[in-house]
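Peer 1: Sharing my_file-v2.cif, mmCIF, C-alpha atoms (C1' of nucleotides):
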data_query
loop_
_atom_site.label_atom_id
_atom_site.label_comp_id
_atom_site.auth_asym_id
_atom_site.auth_seq_id
_atom_site.Cartn_x
_atom_site.Cartn_y
_atom_site.Cartn_z
CA MET A 4 111.80 179.04 21.32
CA GLY A 5 114.93 179.69 19.43
CA PHE A 6 114.06 183.34 18.89
CA LEU A 7 115.65 184.08 22.22
CA ASN A 8 118.92 182.94 20.79
CA TYR A 9 118.93 186.07 18.62
CA GLY A 10 118.65 188.29 21.66
CA PRO A 11 116.66 189.00 24.82
CA LEU A 12 112.94 189.50 24.36
CA THR A 13 109.76 189.90 26.34
CA GLY A 14 106.85 187.52 25.89
CA TYR A 15 105.03 190.20 23.97
CA GLU A 16 107.89 190.75 21.55
CA LEU A 17 108.27 187.02 21.15
CA LYS A 18 104.69 186.78 20.04
CA GLN A 19 105.39 189.38 17.37
CA GLY A 20 108.35 187.39 16.18
CA PHE A 21 106.03 184.45 15.63
CA ASP A 22 103.47 186.56 13.88
CA ASP A 23 105.69 188.11 11.28
CA SER A 24 107.83 185.17 10.39
CA ILE A 25 106.72 181.65 11.10
CA SER A 26 103.03 182.13 11.83
CA HIS A 27 102.02 179.90 8.93
CA PHE A 28 103.76 176.80 10.15
CA TRP A 29 103.84 177.50 13.85
CA ASN A 30 101.48 179.66 15.75
CA ALA A 31 101.43 180.75 19.37
CA ASN A 32 99.25 182.96 21.46
CA LEU A 33 100.19 184.93 24.49
CA SER A 34 98.24 182.89 26.98
CA GLN A 35 100.37 179.98 25.95
CA ILE A 36 103.65 181.85 25.80
CA TYR A 37 103.64 183.25 29.32
CA PRO A 38 103.20 179.96 31.18
CA THR A 39 105.75 178.33 28.88
CA LEU A 40 108.30 181.02 29.66
CA LYS A 41 107.79 180.50 33.36
CA GLU A 42 108.28 176.80 32.98
CA MET A 43 111.43 177.28 30.95
CA GLU A 44 112.76 179.51 33.69
CA ARG A 45 112.10 176.79 36.25
CA GLU A 46 114.01 174.37 34.06
CA GLY A 47 116.92 176.77 33.85
CA LEU A 48 116.68 177.23 30.08
CA ILE A 49 116.13 180.97 30.30
CA THR A 50 116.39 183.74 32.86
CA ILE A 51 113.71 186.34 33.40
CA GLN A 52 114.65 189.83 34.46
CA VAL A 53 111.93 192.19 35.58
CA GLU A 54 112.11 195.81 34.46
CA PRO A 55 109.39 197.87 36.15
CA GLN A 56 107.74 200.64 34.16
CA GLU A 57 105.46 203.42 35.31
CA ALA A 58 101.84 203.04 34.43
CA ARG A 59 102.46 199.75 32.63
CA PRO A 60 102.90 196.12 33.49
CA PRO A 61 106.60 195.50 34.04
CA ARG A 62 108.60 194.22 31.09
CA LYS A 63 109.91 190.76 31.72
CA VAL A 64 112.96 190.33 29.62
CA CYS A 65 113.90 186.75 28.85
CA ARG A 66 117.44 185.65 28.05
CA ILE A 67 118.49 182.22 26.93
CA THR A 68 121.04 180.38 29.08
CA ASP A 69 123.76 177.98 28.02
CA ALA A 70 121.55 175.10 29.08
CA GLY A 71 118.77 176.59 26.96
CA ARG A 72 121.06 176.87 23.95
CA GLU A 73 122.05 173.27 24.35
CA GLU A 74 118.46 172.15 24.67
CA LEU A 75 117.56 174.14 21.56
CA ARG A 76 120.31 172.49 19.55
CA ARG A 77 119.27 169.09 20.83
CA TRP A 78 115.71 169.73 19.71
CA LEU A 79 116.78 171.02 16.31
CA ARG A 80 118.81 167.88 15.72
CA THR A 81 116.05 165.39 16.50
CA PRO A 82 114.11 164.34 13.39
CA ASP A 83 110.32 164.28 13.44
CA ASP A 84 107.77 161.94 12.04
CA LEU A 85 105.52 163.46 9.45
CA PRO A 86 102.78 165.39 11.19
CA ALA A 87 99.29 164.12 10.39
CA ASN A 88 97.58 167.22 9.17
CA ARG A 89 93.85 167.46 9.17
CA VAL A 90 92.57 169.11 6.01
CA PRO A 91 88.79 169.43 6.20
CA PHE A 92 88.71 170.71 2.65
CA LEU A 93 90.01 167.43 1.28
CA ILE A 94 87.35 165.49 3.11
CA LYS A 95 84.78 167.66 1.50
CA ILE A 96 86.23 166.70 -1.85
CA PHE A 97 86.37 163.06 -0.83
CA PHE A 98 82.64 163.12 -0.14
CA GLY A 99 81.99 165.54 -2.96
CA GLY A 100 79.59 163.11 -4.60
CA ASN A 101 76.98 164.26 -2.10
CA LEU A 102 76.84 167.73 -3.55
CA ALA A 103 75.68 169.13 -6.84
CA ARG A 104 78.33 170.25 -9.31
CA GLU A 105 78.01 173.95 -8.66
CA GLU A 106 77.98 173.56 -4.90
CA LEU A 107 81.22 171.65 -4.93
CA LEU A 108 82.81 173.95 -7.45
CA ASP A 109 82.05 176.88 -5.18
CA VAL A 110 83.91 175.21 -2.35
CA VAL A 111 86.91 174.50 -4.56
CA ARG A 112 86.93 178.00 -6.03
CA HIS A 113 86.86 179.46 -2.56
CA HIS A 114 89.78 177.34 -1.52
CA LEU A 115 91.68 178.28 -4.66
CA GLU A 116 91.14 181.95 -3.88
CA LEU A 117 92.54 181.55 -0.38
CA HIS A 118 95.63 179.80 -1.61
CA ARG A 119 96.19 182.38 -4.32
CA GLU A 120 96.02 185.10 -1.69
CA ARG A 121 98.45 183.34 0.55
CA LEU A 122 100.81 182.70 -2.33
CA GLU A 123 100.80 186.40 -3.16
CA ALA A 124 101.30 187.21 0.51
CA TYR A 125 104.39 185.03 0.57
CA ARG A 126 105.84 186.43 -2.62
CA GLY A 127 105.10 190.06 -1.82
CA PRO A 128 104.94 191.21 1.81
CA GLY A 129 106.47 187.99 3.11
CA ARG A 130 109.58 188.32 1.02
CA ALA A 131 109.78 192.03 1.79
CA ALA A 132 109.57 191.42 5.53
CA LEU A 133 112.29 188.81 5.27
CA ASP A 134 114.62 191.14 3.40
CA ARG A 135 113.98 193.92 5.89
CA TRP A 136 114.69 191.61 8.78
CA ALA A 137 117.81 190.29 7.14
CA SER A 138 119.36 193.69 6.57
CA ALA A 139 118.16 195.02 9.93
CA THR A 140 119.74 192.20 11.92
CA GLY A 141 122.61 191.44 9.55
CA LEU A 142 122.20 187.73 10.20
CA GLN A 143 123.36 186.48 6.80
CA ARG A 144 123.61 182.81 7.51
CA GLU A 145 120.24 182.83 9.29
CA ALA A 146 118.55 184.72 6.48
CA PHE A 147 119.48 181.94 4.11
CA TYR A 148 117.44 179.50 6.18
CA TRP A 149 114.54 181.88 6.56
CA GLU A 150 114.46 182.07 2.81
CA LEU A 151 114.39 178.31 2.50
CA THR A 152 111.29 178.10 4.67
CA LEU A 153 109.63 180.89 2.75
CA GLU A 154 110.30 179.04 -0.47
CA ALA A 155 108.78 175.93 1.03
CA GLY A 156 105.64 177.94 1.69
CA VAL A 157 105.62 179.25 -1.87
CA LYS A 158 106.06 175.76 -3.23
CA PHE A 159 103.11 174.32 -1.34
CA GLU A 160 100.84 177.18 -2.16
CA GLN A 161 101.73 176.75 -5.80
CA ALA A 162 100.95 173.06 -5.53
CA TRP A 163 97.58 173.87 -3.99
CA VAL A 164 96.75 176.43 -6.65
CA GLU A 165 97.63 174.01 -9.41
CA TRP A 166 95.66 171.22 -7.85
CA CYS A 167 92.58 173.40 -7.41
CA GLU A 168 92.73 174.62 -10.99
CA GLU A 169 93.10 171.10 -12.27
CA ALA A 170 90.31 169.85 -10.02
CA ILE A 171 87.93 172.52 -11.24
CA LYS A 172 88.60 171.55 -14.84
CA ARG A 173 88.14 167.88 -14.11
CA ILE A 174 84.93 168.37 -12.19
CA GLU A 175 83.47 170.51 -14.94
CA ALA A 176 84.49 168.00 -17.60
CA MET A 177 83.25 165.01 -15.64
CA GLU A 178 79.90 166.52 -14.89
CA ALA A 179 79.40 167.41 -18.53
CA ASP A 180 79.62 163.74 -19.49
CA THR A 181 77.37 162.54 -16.72
CA HIS A 182 73.64 163.07 -16.48
CA GLU A 183 72.64 166.05 -14.40
CA ASN A 184 72.31 164.78 -10.89
CA PRO A 185 71.73 167.75 -8.65
CA GLY A 186 70.31 166.75 -5.29
CA ARG A 187 71.86 163.61 -3.99
CA MET Z 30 80.91 161.26 9.14
CA GLY Z 31 79.81 160.88 5.62
CA PHE Z 32 80.87 157.26 5.43
CA LEU Z 33 77.53 156.29 6.88
CA ASN Z 34 75.90 157.71 3.80
CA TYR Z 35 77.35 154.80 1.84
CA GLY Z 36 75.65 152.30 4.12
CA PRO Z 37 75.17 151.25 7.74
CA LEU Z 38 78.32 150.61 9.72
CA THR Z 39 79.50 149.89 13.23
CA GLY Z 40 81.97 152.14 14.96
CA TYR Z 41 84.64 149.57 14.41
CA GLU Z 42 84.02 149.35 10.69
CA LEU Z 43 83.93 153.12 10.50
CA LYS Z 44 87.40 153.29 11.97
CA GLN Z 45 88.62 150.98 9.24
CA GLY Z 46 87.09 153.21 6.62
CA PHE Z 47 89.15 156.06 8.01
CA ASP Z 48 92.29 154.00 8.12
CA ASP Z 49 92.30 152.80 4.57
CA SER Z 50 91.17 155.90 2.82
CA ILE Z 51 91.48 159.29 4.40
CA SER Z 52 93.85 158.58 7.26
CA HIS Z 53 96.45 161.02 5.94
CA PHE Z 54 94.26 164.08 6.03
CA TRP Z 55 91.82 163.06 8.73
CA ASN Z 56 92.45 160.63 11.46
CA ALA Z 57 90.17 159.19 14.12
CA ASN Z 58 90.56 156.72 16.89
CA LEU Z 59 87.93 154.51 18.42
CA SER Z 60 87.78 156.24 21.76
CA GLN Z 61 86.76 159.34 19.89
CA ILE Z 62 84.37 157.66 17.49
CA TYR Z 63 82.17 155.97 20.05
CA PRO Z 64 81.26 159.06 22.06
CA THR Z 65 80.73 160.99 18.85
CA LEU Z 66 78.34 158.37 17.54
CA LYS Z 67 76.33 158.56 20.73
CA GLU Z 68 76.13 162.29 20.49
CA MET Z 69 75.05 162.13 16.89
CA GLU Z 70 72.31 159.75 17.90
CA ARG Z 71 71.12 162.21 20.53
CA GLU Z 72 71.01 164.90 17.88
CA GLY Z 73 68.97 162.68 15.62
CA LEU Z 74 71.59 162.52 12.87
CA ILE Z 75 71.93 158.76 13.03
CA THR Z 76 70.12 155.79 14.54
CA ILE Z 77 71.89 153.04 16.41
CA GLN Z 78 70.53 149.52 16.28
CA VAL Z 79 71.94 146.93 18.64
CA GLU Z 80 72.56 143.42 17.33
CA PRO Z 81 73.60 141.11 20.15
CA GLN Z 82 76.21 138.45 19.44
CA GLU Z 83 77.29 135.48 21.51
CA ALA Z 84 80.62 135.74 23.21
CA ARG Z 85 81.26 139.22 21.74
CA PRO Z 86 80.27 142.76 22.45
CA PRO Z 87 77.05 143.49 20.58
CA ARG Z 88 77.38 145.11 17.17
CA LYS Z 89 75.93 148.59 17.15
CA VAL Z 90 74.93 149.33 13.62
CA CYS Z 91 74.64 153.02 12.78
CA ARG Z 92 72.43 154.35 10.03
CA ILE Z 93 72.29 157.91 8.83
CA THR Z 94 68.92 159.67 9.03
CA ASP Z 95 67.46 162.29 6.69
CA ALA Z 96 68.43 164.95 9.19
CA GLY Z 97 71.95 163.52 9.21
CA ARG Z 98 72.12 163.59 5.43
CA GLU Z 99 71.05 167.19 5.44
CA GLU Z 100 73.58 168.11 8.07
CA LEU Z 101 76.28 166.36 6.10
CA ARG Z 102 75.43 168.26 2.95
CA ARG Z 103 75.33 171.49 4.89
CA TRP Z 104 78.79 170.81 6.28
CA LEU Z 105 80.18 169.87 2.87
CA ARG Z 106 78.92 173.10 1.40
CA THR Z 107 80.46 175.42 3.99
CA PRO Z 108 83.91 176.66 2.95
CA ASP Z 109 86.79 176.55 5.43
CA ASP Z 110 89.56 178.92 6.20
CA LEU Z 111 92.98 177.53 5.54
CA PRO Z 112 94.02 175.33 8.42
CA ALA Z 113 97.15 176.55 10.20
CA ASN Z 114 99.34 173.52 10.11
CA ARG Z 115 102.20 173.16 12.50
CA VAL Z 116 105.26 171.76 10.78
CA PRO Z 117 108.02 171.35 13.33
CA PHE Z 118 110.41 170.39 10.59
CA LEU Z 119 110.17 173.82 8.99
CA ILE Z 120 110.97 175.53 12.25
CA LYS Z 121 114.05 173.44 12.50
CA ILE Z 122 115.05 174.73 9.09
CA PHE Z 123 114.16 178.27 10.09
CA PHE Z 124 116.57 178.05 13.00
CA GLY Z 125 118.95 175.86 11.07
CA GLY Z 126 121.76 178.37 11.56
CA ASN Z 127 122.22 176.96 15.04
CA LEU Z 128 123.37 173.62 13.72
CA ALA Z 129 126.44 172.49 11.85
CA ARG Z 130 126.01 171.63 8.18
CA GLU Z 131 125.99 167.89 8.58
CA GLU Z 132 123.59 167.94 11.49
CA LEU Z 133 121.06 169.94 9.55
CA LEU Z 134 121.53 167.90 6.40
CA ASP Z 135 120.76 164.77 8.37
CA VAL Z 136 117.46 166.24 9.47
CA VAL Z 137 116.55 167.22 5.92
CA ARG Z 138 117.59 163.86 4.49
CA HIS Z 139 115.48 162.09 7.06
CA HIS Z 140 112.50 164.20 6.14
CA LEU Z 141 113.07 163.59 2.46
CA GLU Z 142 113.12 159.88 3.08
CA LEU Z 143 109.77 159.98 4.89
CA HIS Z 144 108.13 161.94 2.11
CA ARG Z 145 109.53 159.61 -0.53
CA GLU Z 146 108.06 156.68 1.33
CA ARG Z 147 104.71 158.31 1.63
CA LEU Z 148 104.73 159.26 -2.03
CA GLU Z 149 105.37 155.64 -2.98
CA ALA Z 150 102.65 154.55 -0.58
CA TYR Z 151 100.18 156.80 -2.32
CA ARG Z 152 101.16 155.73 -5.81
CA GLY Z 153 101.33 152.02 -5.03
CA PRO Z 154 99.13 150.57 -2.28
CA GLY Z 155 97.02 153.72 -2.00
CA ARG Z 156 96.02 153.67 -5.61
CA ALA Z 157 95.45 149.92 -5.49
CA ALA Z 158 93.18 150.21 -2.47
CA LEU Z 159 91.21 152.92 -4.18
CA ASP Z 160 90.69 150.83 -7.29
CA ARG Z 161 89.64 147.84 -5.26
CA TRP Z 162 87.14 149.92 -3.31
CA ALA Z 163 85.80 151.49 -6.45
CA SER Z 164 85.10 148.21 -8.18
CA ALA Z 165 83.87 146.56 -4.97
CA THR Z 166 81.30 149.24 -4.25
CA GLY Z 167 80.59 150.30 -7.83
CA LEU Z 168 80.41 153.92 -6.74
CA GLN Z 169 81.67 155.50 -9.96
CA ARG Z 170 80.92 159.10 -9.26
CA GLU Z 171 82.36 158.81 -5.75
CA ALA Z 172 85.51 157.10 -6.96
CA PHE Z 173 86.24 160.12 -9.11
CA TYR Z 174 86.40 162.29 -6.00
CA TRP Z 175 88.44 159.77 -4.07
CA GLU Z 176 90.93 159.91 -6.88
CA LEU Z 177 91.08 163.68 -6.74
CA THR Z 178 92.04 163.59 -3.08
CA LEU Z 179 94.63 160.92 -3.71
CA GLU Z 180 96.14 163.07 -6.43
CA ALA Z 181 96.26 165.98 -4.04
CA GLY Z 182 98.26 163.81 -1.69
CA VAL Z 183 100.63 162.81 -4.48
CA LYS Z 184 101.07 166.42 -5.50
CA PHE Z 185 102.06 167.60 -2.05
CA GLU Z 186 104.42 164.75 -1.44
CA GLN Z 187 106.08 165.52 -4.74
CA ALA Z 188 106.38 169.14 -3.73
CA TRP Z 189 107.97 168.10 -0.46
CA VAL Z 190 110.42 165.76 -2.15
CA GLU Z 191 111.44 168.44 -4.64
CA TRP Z 192 111.86 171.02 -1.92
CA CYS Z 193 113.99 168.73 0.20
CA GLU Z 194 116.23 167.82 -2.73
CA GLU Z 195 116.66 171.46 -3.64
CA ALA Z 196 117.29 172.42 -0.02
CA ILE Z 197 120.00 169.79 0.35
CA LYS Z 198 121.76 171.09 -2.74
CA ARG Z 199 121.51 174.68 -1.59
CA ILE Z 200 122.77 173.94 1.90
CA GLU Z 201 125.72 172.01 0.55
CA ALA Z 202 126.56 174.77 -1.90
CA MET Z 203 126.14 177.56 0.63
CA GLU Z 204 128.27 175.92 3.25
CA ALA Z 205 131.01 175.34 0.72
CA ASP Z 206 131.31 179.10 0.14
CA THR Z 207 131.19 180.00 3.79
CA HIS Z 208 133.90 179.40 6.33
CA GLU Z 209 133.46 176.25 8.34
CA ASN Z 210 131.41 177.23 11.35
CA PRO Z 211 130.44 174.08 13.20
CA GLY Z 212 129.43 174.71 16.77
CA ARG Z 213 127.37 177.84 17.09
"C1'" DC X 20 86.37 209.46 21.22
"C1'" DA X 21 87.15 204.87 19.20
"C1'" DG X 22 90.42 201.71 18.29
"C1'" DG X 23 94.95 199.92 18.42
"C1'" DC X 24 99.38 199.35 20.86
"C1'" DC X 25 101.85 198.06 24.86
"C1'" DA X 26 102.19 194.37 28.53
"C1'" DT X 27 100.88 191.22 31.56
"C1'" DG X 28 98.42 187.17 33.01
"C1'" DT X 29 94.26 183.57 34.85
"C1'" DA X 30 90.41 180.44 34.06
"C1'" DA X 31 87.57 177.69 31.55
"C1'" DA X 32 86.35 175.07 27.70
"C1'" DT X 33 87.44 172.18 23.96
"C1'" DC X 34 89.87 168.90 21.50
"C1'" DG X 35 92.71 164.92 20.80
"C1'" DT X 36 95.70 161.11 22.32
"C1'" DT X 37 97.02 157.40 25.29
"C1'" DA X 38 96.23 154.12 28.70
"C1'" DC X 39 93.24 150.98 30.71
"C1'" DA X 40 89.70 147.21 30.60
"C1'" DT X 41 87.40 142.94 28.67
"C1'" DG X 42 87.35 138.60 26.22
"C1'" DA X 43 86.45 134.99 22.69
"C1'" DT X 44 88.14 133.40 18.00
"C1'" DT X 45 91.31 132.51 14.41
"C1'" DA X 46 95.65 132.45 12.13
"C1'" DT X 47 100.95 131.77 12.39
"C1'" DA B 11 102.06 130.07 22.51
"C1'" DT B 12 101.57 134.67 20.41
"C1'" DA B 13 99.50 137.87 17.98
"C1'" DA B 14 95.87 139.75 15.35
"C1'" DT B 15 90.85 140.41 14.58
"C1'" DC B 16 86.45 141.49 16.24
"C1'" DA B 17 83.89 144.89 19.29
"C1'" DT B 18 82.89 147.72 22.75
"C1'" DG B 19 83.85 151.48 25.82
"C1'" DT B 20 85.89 154.74 30.22
"C1'" DA B 21 89.30 157.66 32.37
"C1'" DA B 22 93.13 160.38 32.51
"C1'" DC B 23 96.11 163.38 30.48
"C1'" DG B 24 97.91 166.90 27.57
"C1'" DA B 25 97.62 170.47 24.28
"C1'" DT B 26 95.27 174.44 22.33
"C1'" DT B 27 91.91 178.02 22.00
"C1'" DT B 28 88.91 181.38 23.77
"C1'" DA B 29 87.18 184.31 27.17
"C1'" DC B 30 88.02 187.20 30.89
"C1'" DA B 31 90.65 190.96 33.31
"C1'" DT B 32 93.43 195.39 33.62
"C1'" DG B 33 94.77 200.04 32.10
"C1'" DG B 34 97.28 204.01 30.31
"C1'" DC B 35 99.02 206.09 26.01
"C1'" DC B 36 98.85 207.43 21.25
"C1'" DT B 37 96.77 207.99 16.57
"C1'" DG B 38 93.15 209.12 13.32
#
Could I get this structure in the form of structure tokens?

Peer 2:
Amino acid sequence: MGFLNYGPLTGYELKQGFDDSISHFWNANLSQIYPTLKEMEREGLITIQVEPQEARPPRKVCRITDAGREELRRWLRTPDDLPANRVPFLIKIFFGGNLAREELLDVVRHHLELHRERLEAYRGPGRAALDRWASATGLQREAFYWELTLEAGVKFEQAWVEWCEEAIKRIEAMEADTHENPGR
Amino acid sequence: MGFLNYGPLTGYELKQGFDDSISHFWNANLSQIYPTLKEMEREGLITIQVEPQEARPPRKVCRITDAGREELRRWLRTPDDLPANRVPFLIKIFFGGNLAREELLDVVRHHLELHRERLEAYRGPGRAALDRWASATGLQREAFYWELTLEAGVKFEQAWVEWCEEAIKRIEAMEADTHENPGR
DNA sequence: CAGGCCATGTAAATCGTTACATGATTAT
DNA sequence: ATAATCATGTAACGATTTACATGGCCTG
């Protein structure tokens, strides 16, 4: 939860930070955030200061401690294994022989559309949000890294789009050669 | 569990099917497979026939039913939303400003190495296994789809490798411009 | 006046991994 | 001897998602 290193935040604000920046490669929901914050307080990684408000639940402002900063840096330094990602779509392709040409093509076209949308979202609003954030906070060095992750997203979406386009061509070509074989 | 559509299998054999073909985008372990098989039997999607053996647990051979085949085809036809994949590595980059240049570079280099290995695994043993399977089973049409998924894997690993190489260059270049700023 | 924003949480359900348990046979 | 292969499962644990619960204020 390295967002706290940029400044004190409430759980609610933290959630927003997730949503507008890293939601595509790390997602969190509130019912997970609140217990985690409490636990991190117990471990001395953050402090929680309660600011009561009228007619509202009190804001609970979280601040990172020195111990928390150290723990964050420790975590950032430790390399990961590759995460095993489950991609149901690829299994559908793997067993694509069970569907008729058009059925499978529909699935691929749908997937292509989703990736195109996400690619545009990265290049348009995503980039815009990043620039806004960068100039609002003035965190130059940080913004460089945010950009790197955004470009990673762009790269993978491009790869997906290309693969889908290629796959559609290949499926159409392959099925033209073969005898029609709808049901099976 | 569309493997059963290729022929009857035991849970154990099924697990092997996962391991040598689709393990990188869908993984299963035995303690998950066995309960699932039982449930699918209850739902009438498969039948389980017990073949006792001496000095061994009995083989439980599973066969897909017509209802199972239909359910499989139904599942294959339904399009998915994009899965939200958690990539801890990218968060580390996102918050990379908290580390010194060399520390971050180590993390990226490690990641690059893993993706290079996986890329080679796909192109070498992965491809070989696919070819062996294809000629062993004679499932031509199916093999075409297996290949498509393998190529998807290759494509993404390439994208990763390229991104990592680019990122390393950019980080080195950027840090050269900037003042040394190790701790922070 | 309906829906979204602010702001907190608890409880239950689901999903997936890891550990435990057994036990003979075959290969190194 | 040691480890891997065959072959089944149960139990516990951990992580994640979804549903439930509250409630005023502001915008269209």

Peer 1: Starting from chain Z, keep only residues with some atom at most 6 Å from an atom of chain A, counting all atoms listed in the file, and report them as a PyMOL selection string.

Peer 2: chain Z and resi 54-55+105+108+114-116+121+123+126+136+171+174-175

Peer 1: May I ask you to extract the residues of chain A within 8 Å of chain X, using only C-alpha atoms (C1' of nucleotides), and to give them as a ChimeraX atom specification?

Peer 2: /A:15,34,37,59-62

Peer 1: Scan for residues within 12 Å of the point (115.4, 184.9, 36.0) in the coordinates of the file, using all atoms listed in the file, and reply as an mmCIF file with C-alpha atoms, keeping the file's coordinate frame.

Peer 2:
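Done, and the output landed in point_34.cif:
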data_model
loop_
_atom_site.group_PDB
_atom_site.id
_atom_site.type_symbol
_atom_site.label_atom_id
_atom_site.label_comp_id
_atom_site.auth_asym_id
_atom_site.auth_seq_id
_atom_site.Cartn_x
_atom_site.Cartn_y
_atom_site.Cartn_z
ATOM 1 C CA PRO A 11 116.660 189.000 24.820
ATOM 2 C CA LEU A 40 108.300 181.020 29.660
ATOM 3 C CA LYS A 41 107.790 180.500 33.360
ATOM 4 C CA GLU A 42 108.280 176.800 32.980
ATOM 5 C CA MET A 43 111.430 177.280 30.950
ATOM 6 C CA GLU A 44 112.760 179.510 33.690
ATOM 7 C CA ARG A 45 112.100 176.790 36.250
ATOM 8 C CA GLU A 46 114.010 174.370 34.060
ATOM 9 C CA GLY A 47 116.920 176.770 33.850
ATOM 10 C CA LEU A 48 116.680 177.230 30.080
ATOM 11 C CA ILE A 49 116.130 180.970 30.300
ATOM 12 C CA THR A 50 116.390 183.740 32.860
ATOM 13 C CA ILE A 51 113.710 186.340 33.400
ATOM 14 C CA GLN A 52 114.650 189.830 34.460
ATOM 15 C CA VAL A 53 111.930 192.190 35.580
ATOM 16 C CA GLU A 54 112.110 195.810 34.460
ATOM 17 C CA LYS A 63 109.910 190.760 31.720
ATOM 18 C CA VAL A 64 112.960 190.330 29.620
ATOM 19 C CA CYS A 65 113.900 186.750 28.850
ATOM 20 C CA ARG A 66 117.440 185.650 28.050
ATOM 21 C CA ILE A 67 118.490 182.220 26.930
ATOM 22 C CA THR A 68 121.040 180.380 29.080
#

Peer 1: Counting only C-alpha atoms (C1' of nucleotides), find residues at most 8 Å from (86.8, 157.7, 27.5) (file frame) and give them as a list of chain:residue names.

Peer 2: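 It turns out the residues near that spot are Z:Ser60, Z:Gln61, Z:Pro64, B:DG19, B:DT20, B:DA21.
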
Peer 1: Against chain Z, which residues of chain B fall within 8 Å? For each one I want the closest pair of atoms and the distance in Å (one decimal), counting all atoms listed in the file, rows by chain and increasing residue number, as CSV.

Peer 2:
residue,atom,partner,partner_atom,distance
B:DC16,C1',Z:Arg85,CA,7.9
B:DA17,C1',Z:Pro86,CA,5.3
B:DT18,C1',Z:Pro86,CA,5.6
B:DG19,C1',Z:Ser60,CA,7.4

Peer 1: For the residues in the current selection, export C-alpha atoms (C1' of nucleotides) as an mmCIF file, keeping the file's coordinate frame.

Peer 2:
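again.cif written:
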data_model
loop_
_atom_site.group_PDB
_atom_site.id
_atom_site.type_symbol
_atom_site.label_atom_id
_atom_site.label_comp_id
_atom_site.auth_asym_id
_atom_site.auth_seq_id
_atom_site.Cartn_x
_atom_site.Cartn_y
_atom_site.Cartn_z
ATOM 1 C "C1'" DC B 16 86.450 141.490 16.240
ATOM 2 C "C1'" DA B 17 83.890 144.890 19.290
ATOM 3 C "C1'" DT B 18 82.890 147.720 22.750
ATOM 4 C "C1'" DG B 19 83.850 151.480 25.820
#
